$ cat protein.cif   # mmCIF, C-alpha atoms
data_entry
#
loop_
_atom_site.label_atom_id
_atom_site.label_comp_id
_atom_site.auth_asym_id
_atom_site.auth_seq_id
_atom_site.Cartn_x
_atom_site.Cartn_y
_atom_site.Cartn_z
CA MET T 633 0.00 0.00 0.00
CA ASN T 634 1.40 3.35 -1.05
CA MET T 635 0.81 5.77 1.83
CA SER T 636 1.67 8.76 -0.35
CA ARG T 637 -1.52 8.21 -2.35
CA LYS T 638 -4.38 10.61 -1.68
CA HIS T 639 -7.32 8.88 0.02
CA ILE T 640 -10.78 9.35 -1.53
CA LEU T 641 -13.84 8.26 0.44
CA ILE T 642 -16.86 7.26 -1.62
CA PRO T 643 -20.02 6.73 0.43
CA ILE T 644 -22.07 4.20 -1.46
CA ASP T 645 -25.45 2.68 -0.70
CA GLY T 646 -25.52 -0.07 -3.29
CA SER T 647 -27.83 1.82 -5.62
CA GLN T 648 -26.94 2.49 -9.23
CA PHE T 649 -27.37 6.18 -8.44
CA SER T 650 -24.67 6.25 -5.74
CA GLN T 651 -22.27 4.65 -8.24
CA LYS T 652 -22.68 7.51 -10.73
CA ILE T 653 -19.74 9.22 -9.04
CA LEU T 654 -17.36 6.46 -10.20
CA PRO T 655 -16.85 7.56 -13.85
CA HIS T 656 -15.95 11.01 -12.53
CA ILE T 657 -13.39 9.48 -10.18
CA ASN T 658 -11.84 7.68 -13.17
CA LEU T 659 -11.85 10.89 -15.17
CA LEU T 660 -10.41 13.20 -12.53
CA PHE T 661 -8.08 11.13 -10.35
CA SER T 662 -5.24 8.89 -11.43
CA PRO T 663 -4.98 5.42 -9.89
CA GLU T 664 -1.25 5.91 -9.38
CA SER T 665 -1.78 8.73 -6.91
CA HIS T 666 -5.18 7.95 -5.38
CA ARG T 667 -6.61 5.13 -3.30
CA LEU T 668 -10.33 4.62 -2.77
CA THR T 669 -12.53 3.51 0.10
CA LEU T 670 -16.10 2.52 -0.66
CA LEU T 671 -18.05 3.16 2.55
CA TYR T 672 -21.43 1.48 2.93
CA VAL T 673 -23.34 2.53 6.05
CA ALA T 674 -25.97 -0.09 6.80
CA LYS T 675 -28.76 0.35 9.30
CA GLU T 676 -27.66 -0.69 12.75
CA VAL T 677 -29.11 -4.08 13.73
CA THR T 678 -30.96 -4.16 17.03
CA SER T 679 -32.91 -6.91 18.75
CA TYR T 680 -36.06 -5.30 17.34
CA ASP T 681 -34.75 -5.90 13.81
CA ILE T 682 -34.42 -9.65 14.31
CA PRO T 683 -37.69 -11.26 13.24
CA ARG T 684 -39.24 -14.13 15.17
CA LYS T 685 -38.93 -17.64 13.75
CA ASP T 686 -42.41 -17.44 12.24
CA GLU T 687 -41.56 -14.15 10.45
CA GLY T 688 -38.91 -15.57 8.12
CA LEU T 689 -36.08 -15.18 10.62
CA TRP T 690 -33.88 -17.70 8.91
CA ASP T 691 -33.93 -15.82 5.61
CA ASN T 692 -31.48 -13.34 7.20
CA VAL T 693 -28.90 -15.95 8.15
CA SER T 694 -26.48 -17.31 5.58
CA ALA T 695 -26.97 -20.90 4.46
CA ALA T 696 -23.35 -21.63 5.38
CA SER T 697 -24.19 -21.21 9.07
CA ARG T 698 -26.93 -23.86 8.98
CA VAL T 699 -25.94 -27.25 10.44
CA ASP T 700 -29.11 -29.18 9.77
CA SER T 701 -32.73 -28.14 9.55
CA VAL T 702 -33.75 -29.41 13.02
CA ALA T 703 -30.81 -27.86 14.87
CA TYR T 704 -31.08 -24.75 12.71
CA GLU T 705 -34.75 -24.18 13.52
CA ASN T 706 -34.07 -24.32 17.27
CA GLN T 707 -31.09 -21.94 17.40
CA PRO T 708 -31.36 -18.31 18.46
CA VAL T 709 -30.08 -15.68 16.06
CA TYR T 710 -28.09 -12.77 17.44
CA ALA T 711 -27.72 -9.26 16.07
CA SER T 712 -24.04 -9.97 15.37
CA GLN T 713 -25.02 -12.92 13.16
CA VAL T 714 -27.49 -10.81 11.22
CA GLU T 715 -24.83 -8.08 10.84
CA GLU T 716 -22.31 -10.66 9.60
CA SER T 717 -24.78 -11.98 7.04
CA VAL T 718 -25.73 -8.48 5.88
CA ARG T 719 -22.04 -7.47 5.72
CA ASP T 720 -21.23 -10.54 3.59
CA ARG T 721 -24.11 -9.76 1.21
CA ILE T 722 -23.11 -6.09 0.86
CA GLU T 723 -19.44 -6.94 0.27
CA THR T 724 -20.47 -9.55 -2.32
CA ASP T 725 -22.72 -7.02 -4.05
CA LEU T 726 -19.82 -4.54 -4.20
CA VAL T 727 -17.32 -7.03 -5.70
CA PRO T 728 -18.13 -5.98 -9.32
CA VAL T 729 -17.70 -2.30 -8.39
CA ARG T 730 -14.37 -3.03 -6.72
CA LYS T 731 -13.24 -5.13 -9.70
CA THR T 732 -14.03 -2.35 -12.16
CA LEU T 733 -12.00 0.09 -10.10
CA THR T 734 -9.09 -2.28 -9.46
CA ASP T 735 -9.02 -3.16 -13.17
CA SER T 736 -8.50 0.57 -13.74
CA GLY T 737 -5.51 0.42 -11.37
CA TYR T 738 -6.99 1.77 -8.13
CA GLU T 739 -6.31 0.35 -4.71
CA VAL T 740 -9.84 -0.16 -3.34
CA ASN T 741 -11.00 -0.91 0.17
CA ILE T 742 -14.61 -1.78 1.04
CA VAL T 743 -15.82 -0.81 4.52
CA VAL T 744 -19.26 -1.75 5.84
CA GLN T 745 -20.36 0.02 9.02
CA PHE T 746 -23.57 -0.48 11.00
CA GLU T 747 -24.87 2.79 12.42
CA LYS T 748 -28.17 4.55 13.08
CA ASP T 749 -27.15 7.74 11.30
CA ALA T 750 -25.40 7.44 7.92
CA VAL T 751 -24.46 11.12 7.86
CA GLU T 752 -22.75 10.98 11.24
CA GLU T 753 -20.87 7.82 10.28
CA ILE T 754 -19.68 9.26 6.95
CA VAL T 755 -18.39 12.38 8.73
CA ARG T 756 -16.82 10.36 11.57
CA PHE T 757 -15.12 7.94 9.18
CA ALA T 758 -13.85 10.70 6.89
CA GLU T 759 -12.39 12.79 9.67
CA ALA T 760 -10.86 9.83 11.53
CA GLY T 761 -9.69 7.93 8.47
CA ASP T 762 -6.96 10.03 6.89
CA VAL T 763 -9.35 11.01 4.06
CA ASP T 764 -8.34 13.77 1.63
CA LEU T 765 -11.60 14.00 -0.33
CA VAL T 766 -15.20 12.76 -0.04
CA ALA T 767 -16.87 12.07 -3.39
CA MET T 768 -20.64 11.65 -3.74
CA ALA T 769 -23.48 11.87 -6.23
CA THR T 770 -26.55 13.95 -5.41
CA ARG T 771 -30.04 13.86 -6.83
CA GLY T 772 -30.26 17.63 -6.52
CA ARG T 773 -33.66 17.65 -4.85
CA LYS T 774 -35.06 21.05 -4.04
CA GLY T 775 -37.90 22.59 -2.13
CA LEU T 776 -40.29 20.65 0.08
CA ARG T 777 -39.15 17.23 -1.14
CA HIS T 778 -35.55 18.09 -0.20
CA ARG T 779 -36.65 19.23 3.27
CA ILE T 780 -38.73 16.09 3.86
CA VAL T 781 -36.39 13.50 2.34
CA GLY T 782 -33.24 15.39 3.23
CA GLY T 783 -30.04 15.33 1.30
CA ILE T 784 -27.31 13.10 2.66
CA PHE T 785 -24.67 15.02 0.74
CA GLN T 786 -26.01 18.36 2.04
CA GLN T 787 -25.93 17.15 5.63
CA VAL T 788 -22.41 15.75 5.18
CA LEU T 789 -21.29 18.99 3.51
CA GLU T 790 -22.57 21.04 6.45
CA LYS T 791 -20.70 18.91 9.03
CA ILE T 792 -17.47 17.88 7.36
CA HIS T 793 -14.14 19.71 7.30
CA ILE T 794 -12.74 17.83 4.31
CA PRO T 795 -13.05 18.83 0.63
CA MET T 796 -15.93 17.24 -1.25
CA LEU T 797 -16.54 16.39 -4.89
CA VAL T 798 -20.26 16.32 -5.55
CA ILE T 799 -21.81 15.51 -8.89
CA HIS T 800 -25.40 15.83 -9.95
CA PRO T 801 -25.88 13.31 -12.76
CA PRO T 802 -28.24 14.52 -15.46
CA ARG T 803 -31.76 13.18 -15.54
CA LYS T 804 -32.89 11.44 -18.72
CA ASN T 805 -33.98 14.71 -20.35
CA GLU T 806 -31.05 16.84 -19.16
CA PRO T 807 -27.82 17.31 -21.13
CA ALA T 808 -24.68 15.92 -19.48
CA SER T 809 -22.44 18.41 -17.71
CA SER T 810 -18.88 18.30 -16.49
CA PRO T 811 -18.10 17.33 -12.88
CA LYS T 812 -18.07 20.12 -10.34
CA SER T 813 -16.27 20.32 -7.03
CA ASP T 814 -17.85 21.83 -3.90
#

$ encode --input "protein.cif" --output "structure tokens"
Amino acid sequence: MNMSRKHILIPIDGSQFSQKILPHINLLFSPESHRLTLLYVAKEVTSYDIPRKDEGLWDNVSAASRVDSVAYENQPVYASQVEESVRDRIETDLVPVRKTLTDSGYEVNIVVQFEKDAVEEIVRFAEAGDVDLVAMATRGRKGLRHRIVGGIFQQVLEKIHIPMLVIHPPRKNEPASSPKSD
């Protein structure tokens, strides 16, 4: 690992939209001088999130952890097991994204965190993790919808003390524009 590389944090939620930042990363930052961290903040698992056996509980536990159906049906499931299963699924889902970036020459790290507040975790991770830039896509919502739904990037921007690259990908009827830095 080359420690002289600049560290770019890319909060990603698994959606195609959150990945729209990636072509801009390829365009603007060379793999030789930049390393990337894909940060996925998953909802914190609590005992209230673990369904009872009759609610499809076992759908959340990986098949690899099943011994046999009788023993499996009678075993409790803990929040840590659900988190492990969710983490494995997220990391597996992000393998193609990582491969695309590593094929381009980037050093890529995937981090999955479980927290109640994605904004707070993005800010905490960025400021504690030797991050030089946070790069995100935004939907560019405005007005009442923005106030109700909230903008993750806007909340991060208001709290963070690290430079940010924010892109607003064009909608289907909008012409493409060049990346902008905020």

$ closest_residue --input "protein.cif" --among "T:Pro795, T:Pro728, T:Pro663, T:Pro655" --to "Ile742 in chain T" --atoms "all atoms listed in the file"
T:Pro728

$ atom_distance --input "protein.cif" --atom1 "CA of His656 in chain T" --atom2 "CA of Glu723 in chain T"
22.3 Å

$ closest_residue --input "protein.cif" --among "T:Val755, T:Ile642, T:Leu660, T:Ile799" --to "Gln787 in chain T" --atoms "only C-alpha atoms"
T:Val755

$ atom_distance --input "protein.cif" --atom1 "CA of Ile644 in chain T" --atom2 "CA of Tyr672 in chain T"
5.2 Å

$ residues_near_point --input "protein.cif" --point "(-17.5, 11.5, -2.4)" --cutoff "9 Å" --atoms "all atoms listed in the file" --output "ChimeraX atom specification"
/T:640-644,653,765-769,785,796-799

$ atom_distance --input "protein.cif" --atom1 "CA of Arg719 in chain T" --atom2 "CA of Val744 in chain T"
6.4 Å

$ resolve_selection --input "protein.cif" --expression "the PyMOL selection byres ((chain T and resi 739) around 12)" --output "ChimeraX atom specification"
/T:633-635,637-640,662-670,730-738,740-742

$ closest_residue --input "protein.cif" --among "T:Val729, T:Ala758, T:Val751, T:Leu659" --to "Lys675 in chain T" --atoms "only C-alpha atoms"
T:Val751

$ closest_residue --input "protein.cif" --among "T:Ser647, T:His793, T:Val718, T:His800" --to "Asp764 in chain T" --atoms "only C-alpha atoms"
T:His793

$ closest_residue --input "protein.cif" --among "T:Phe649, T:Phe746, T:Phe661, T:Phe757" --to "Val788 in chain T" --atoms "only C-alpha atoms"
T:Phe757
